[in-house]
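**Q** Below: one structure in C-alpha cells.
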Amino acid sequence: MVDYINLDYKPSSNDLIAMYYVQISSECRDLQHASEEIAKESSIGTWTEISTLSPEIAKRLKPSTFYIDPENNIIKIAYPKELFEANNLPQILSAIAGNIFGMKVLKNLRLLDISFPKDIVNAYKGPKFGIEGIRELVNVKDRPLLGTIVKPKVGLTEVEHSLVCGEAWNGGLDIVKDDENLTSMTFNKFEKRITETLKIRDKSEKITEERKFYMPNITAPLSVMKKRADFVIAKGGEYVMVDIVTIGFSALQELRDYLDDKDIIIHAHRAMHAAFTRSKKHGMTMLALAKLMRLLGMDQLHTGTVVGKMEGGKIEVLETNKVITQQKIIGNNLTLLNQDWGNIKPVLPVASGGLSPLHIPELIEILGKDIVFQFGGGCHGHPQGTEAGARAIRQAVDAVLQGFELKEYAERNIELANAITKWGKK
C-alpha cells in the first residue's frame with residue numbers, strides 16, 4: 001500500500017505545493033484520512049489497490065502530504081514536478097483542482113494557494129509589459145492610473161459610446177474600458193465601436209496633451225478573439241481586455257502566445273470568479289487565481305477594492321496584490337506559500353466596483369499607487385455628468401498626493417465639491 005502522508009518530508013525545489021482548506025464529511029474518519037484521499041486521487045492512486053501501480057512508479061511519482069493542521073483544517077501536499085506537463089495549465093489544474101472536489105469524503109474543499117517549481121515557472125512567458133512597461137507606455141509615473149467603465153454597460157450605440165469615452169478622457173482620466181458583457185452587439189458592433197472610440201481618443205490626446213487609452217473587450221471564441229485583437233492593433237489600439245474565467249485557461253495561454261510579437265497590453269477582467277472564489281470553505285481563492293493569471297501573462301488584473309461594492313476583505317486583497325507584484329513571496333502557514341517568480345514580470349492590480357472620488361484617500365492608503373483605480377457610476381453619476389466626474393476623480397487624487405483633505409481641496413475645485421455633496425455621508 002502506498003503511503004501518501006509523510007509529515008517529516010521536506011519539499012524540494014522540484015515540487016509543486018498545493019495548500020487546501022478541508023472540511024471532512026460523515027464518510028471520512030479524520031483530516032489525515034481526507035489528506036490521504038486527496039493526495040491519492042490527485043496523482044497516481046485510485047479507490048482500490050491496483051496491480052498496474054508498480055513500486056517504481058509509486059516511489060518516483062507519489063505526492064506527500066507534509067503538513068496537517070487540524071485546528072485550522074489546512075493541509076499542504078508536495079507533488080513531484082514529473083506529475084505535470086509544465087506548459088499545460090489545464091492539465092495541472094485537472095490534477096490539483098479536479099476530481100478531488102467531488103469526493104464523498106469531503107464536505108468542502110478550497111484550494112488556498114499553489115507554489116510552482118522553477119521548471120514550471122520557466123515554461124510560461126508571464127506578462128509582456130508588467131507594471132514598469134505599462135507605466136512607461138502610459139507616461140504616468142507617480143500616481144495611480146485612473147479609468148472608467150462606460151455606463152450603461154450595454155445599450156449605447158457606437159458613436160454614443162465614443163462620446164462618453166471622450167468626456168472621461170477630457171476630464172482627466174487615463175483609461176476607458178468596456179464592461180464585461182459588452183462585446184459585439186446588434187446595437188453596438190465591435191469594429192465600428194473600436195473605430196469611433198479610437199478616433200475620439202486621438203482627439204482627446206490633442207486636447208489634453210496626455211496619453212489616453214481604450215480597453216475594448218475582445219472576449220469571444222479564441223479564433224474570433226485573435227481577429228478582434230488584430231483589428232484593434234490595426235486601428236492603433238494599445239490594449240485589449242478579456243474575461244479571463246469565461247474564456248478559459250487554455251484560450252488565455254494561446255492568446256498570450258499569439259500576441260507575443262505585438263505591442264498590446266492584456267487587461268484581465270475577473271467576471272465569474274466569485275462563483276468559485278467567494279465561499280471561504282469551497283472552491284479556490286482569488287489569490288490562487290491571480291497567481292495563475294501572472295503565470296499565463298496577464299498585464300493587469302482586477303483583484304478587489306477593500307472598499308466599494310465588491311466582496312473582498314483587506315487582508316485578502318493585499319495578499320492577492322502581493323503575489324502578483326513581488327518577485328519573491330515568503331509564505332505563512334495559513335494563506336500563503338513561498339514563491340519565486342524568477343523572470344516573470346509583475347502584474348498591475350486593478351481596483352474596480354462601486355468606487356467614487358470620495359474613496360480615493362482610503363484606496364491610496366490601503367492599496368498604494370502602483371494600481372489602476374476604475375470608476376463606473378462614480379464617474380458617470382456625477383451631478384454635472386461624465387467629464388465633471390472625471391475631473392472630480394483627478395482632483396481627489398491630486399488632493400491626496402499634495403497632502404490636502406478632500407473637503408479643503410474642494411473649496412477651489414467645484415467638481416470635487418459636487419461629488420462630495422452627492423456621495424458624502426448624509
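By convention here, the chains of the C-alpha cells are called A, B, ... in the order presented, each chain's residues are numbered starting at 1, and ligands are numbered starting at 1 in the order presented.
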So that I can see what lies close to A:Glu167, please list as a PyMOL selection string the residues with an atom at most 12 Å from it, counting only C-alpha atoms and leaving out residues fewer than 3 positions away in the same chain.
**A** chain A and resi 147-148+150+160-164+170-176+197+200-201+203-205+207-208+212+379-380+384-391
**Q** Pick out each residue of stretch 303-401 of chain A that DSSP on the backbone tags as helix (DSSP H, G or I); I need them as number ranges by chain.
**A** A: 314-325, 357-367, 377-380, 386-401
**Q** For the residues in the current selection, export N, CA and C atoms as a compact mmCIF listing (two decimals), in the first residue's frame.
**A**
# COMPACT_ATOMS: atom_id res chain seq x y z
N LYS A 314 -9.64 43.27 3.42
CA LYS A 314 -8.35 43.95 3.29
C LYS A 314 -7.20 42.95 3.18
N ILE A 315 -7.14 41.98 4.08
CA ILE A 315 -6.03 41.02 4.07
C ILE A 315 -6.04 40.23 2.77
N GLU A 316 -7.22 39.80 2.35
CA GLU A 316 -7.33 39.01 1.12
C GLU A 316 -6.83 39.80 -0.09
N VAL A 317 -7.27 41.05 -0.23
CA VAL A 317 -6.87 41.85 -1.38
C VAL A 317 -5.38 42.17 -1.34
N LEU A 318 -4.87 42.53 -0.16
CA LEU A 318 -3.45 42.87 -0.05
C LEU A 318 -2.56 41.66 -0.35
N GLU A 319 -2.95 40.48 0.12
CA GLU A 319 -2.15 39.29 -0.17
C GLU A 319 -2.22 38.93 -1.65
N THR A 320 -3.38 39.11 -2.26
CA THR A 320 -3.51 38.85 -3.69
C THR A 320 -2.63 39.81 -4.48
N ASN A 321 -2.66 41.09 -4.12
CA ASN A 321 -1.78 42.06 -4.79
C ASN A 321 -0.31 41.73 -4.59
N LYS A 322 0.00 41.22 -3.41
CA LYS A 322 1.39 40.87 -3.11
C LYS A 322 1.92 39.79 -4.04
N VAL A 323 1.12 38.75 -4.26
CA VAL A 323 1.62 37.63 -5.06
C VAL A 323 1.74 37.95 -6.54
N ILE A 324 1.09 39.03 -7.00
CA ILE A 324 1.22 39.38 -8.42
C ILE A 324 2.19 40.53 -8.65
N THR A 325 2.66 41.17 -7.58
CA THR A 325 3.54 42.33 -7.76
C THR A 325 4.97 42.10 -7.27
N PRO A 357 -15.11 59.28 -6.14
CA PRO A 357 -13.93 60.08 -5.77
C PRO A 357 -13.68 60.12 -4.26
N LEU A 358 -14.73 59.95 -3.46
CA LEU A 358 -14.58 60.01 -2.01
C LEU A 358 -13.81 58.83 -1.45
N HIS A 359 -13.70 57.74 -2.20
CA HIS A 359 -12.96 56.56 -1.75
C HIS A 359 -11.46 56.72 -1.94
N ILE A 360 -11.03 57.70 -2.71
CA ILE A 360 -9.63 57.76 -3.13
C ILE A 360 -8.64 57.86 -1.97
N PRO A 361 -8.87 58.68 -0.94
CA PRO A 361 -7.90 58.70 0.17
C PRO A 361 -7.69 57.32 0.79
N GLU A 362 -8.78 56.60 1.02
CA GLU A 362 -8.68 55.27 1.62
C GLU A 362 -8.04 54.28 0.66
N LEU A 363 -8.38 54.37 -0.62
CA LEU A 363 -7.80 53.47 -1.61
C LEU A 363 -6.28 53.62 -1.68
N ILE A 364 -5.81 54.85 -1.72
CA ILE A 364 -4.37 55.06 -1.80
C ILE A 364 -3.68 54.63 -0.51
N GLU A 365 -4.31 54.90 0.61
CA GLU A 365 -3.72 54.50 1.89
C GLU A 365 -3.58 52.98 1.98
N ILE A 366 -4.60 52.26 1.53
CA ILE A 366 -4.60 50.79 1.66
C ILE A 366 -3.83 50.12 0.53
N LEU A 367 -4.05 50.57 -0.70
CA LEU A 367 -3.57 49.85 -1.87
C LEU A 367 -2.37 50.48 -2.54
N GLY A 377 -20.12 54.14 -12.05
CA GLY A 377 -21.12 55.09 -11.58
C GLY A 377 -20.50 56.26 -10.85
N GLY A 378 -19.33 56.06 -10.24
CA GLY A 378 -18.64 57.12 -9.52
C GLY A 378 -18.03 58.17 -10.43
N CYS A 379 -18.10 57.94 -11.73
CA CYS A 379 -17.71 58.95 -12.71
C CYS A 379 -18.95 59.49 -13.41
N HIS A 380 -19.72 58.58 -14.02
CA HIS A 380 -20.87 58.99 -14.84
C HIS A 380 -22.05 59.46 -14.00
N THR A 386 -20.33 63.11 -17.02
CA THR A 386 -19.12 62.29 -17.08
C THR A 386 -17.83 63.11 -16.99
N GLU A 387 -17.74 64.19 -17.77
CA GLU A 387 -16.49 64.96 -17.75
C GLU A 387 -16.23 65.57 -16.38
N ALA A 388 -17.28 66.06 -15.75
CA ALA A 388 -17.12 66.60 -14.40
C ALA A 388 -16.76 65.49 -13.41
N GLY A 389 -17.34 64.31 -13.61
CA GLY A 389 -16.99 63.17 -12.75
C GLY A 389 -15.53 62.80 -12.88
N ALA A 390 -15.02 62.82 -14.10
CA ALA A 390 -13.61 62.52 -14.32
C ALA A 390 -12.72 63.58 -13.65
N ARG A 391 -13.12 64.84 -13.75
CA ARG A 391 -12.35 65.91 -13.12
C ARG A 391 -12.33 65.74 -11.60
N ALA A 392 -13.47 65.34 -11.04
CA ALA A 392 -13.54 65.14 -9.59
C ALA A 392 -12.61 64.02 -9.14
N ILE A 393 -12.53 62.97 -9.93
CA ILE A 393 -11.63 61.86 -9.62
C ILE A 393 -10.17 62.33 -9.65
N ARG A 394 -9.81 63.03 -10.69
CA ARG A 394 -8.43 63.51 -10.81
C ARG A 394 -8.12 64.50 -9.69
N GLN A 395 -9.08 65.35 -9.35
CA GLN A 395 -8.88 66.32 -8.27
C GLN A 395 -8.69 65.61 -6.93
N ALA A 396 -9.44 64.55 -6.70
CA ALA A 396 -9.30 63.82 -5.44
C ALA A 396 -7.92 63.19 -5.31
N VAL A 397 -7.41 62.64 -6.42
CA VAL A 397 -6.05 62.08 -6.40
C VAL A 397 -5.02 63.19 -6.15
N ASP A 398 -5.17 64.31 -6.84
CA ASP A 398 -4.24 65.42 -6.63
C ASP A 398 -4.27 65.88 -5.17
N ALA A 399 -5.45 65.92 -4.58
CA ALA A 399 -5.57 66.36 -3.20
C ALA A 399 -4.78 65.45 -2.27
N VAL A 400 -4.95 64.15 -2.43
CA VAL A 400 -4.25 63.20 -1.56
C VAL A 400 -2.74 63.30 -1.74
N LEU A 401 -2.30 63.35 -2.99
CA LEU A 401 -0.86 63.36 -3.24
C LEU A 401 -0.21 64.67 -2.80
**Q** Extract, using only C-alpha atoms, all DNA, RNA and protein residues at most 12 Å from A:Lys227, discarding same-chain residues fewer than 3 positions from it, and format them as a VMD selection string.
**A** chain A and resid 190 to 191 218 to 224 230 to 234 240 255 258 to 259
**Q** Give the strand (DSSP E or B) residues of stretch 106-169 of chain A, as assigned by DSSP on the backbone, as a PyMOL selection string.
**A** chain A and resi 106-115+145-149
**Q** Write out as a VMD selection string which residues come within 9 Å of A:Lys118 when counting only C-alpha atoms, dropping same-chain ones fewer than 3 positions away.
**A** chain A and resid 13 to 14 121 to 123 340 to 342
**Q** Could you turn the residues from that selection into a file that holds C-alpha atoms, as a short mmCIF file (atom, residue, chain, number, x, y, z; two decimals), in the first residue's frame?
**A**
data_model
loop_
_atom_site.label_atom_id
_atom_site.label_comp_id
_atom_site.auth_asym_id
_atom_site.auth_seq_id
_atom_site.Cartn_x
_atom_site.Cartn_y
_atom_site.Cartn_z
CA SER A 13 12.67 22.96 -5.26
CA ASN A 14 11.28 20.48 -7.79
CA VAL A 121 7.52 28.91 -13.92
CA ASN A 122 10.09 28.94 -16.72
CA ALA A 123 7.64 27.26 -19.10
CA ASP A 340 10.00 32.65 -6.57
CA TRP A 341 8.78 34.20 -9.83
CA GLY A 342 12.22 34.30 -11.45
#
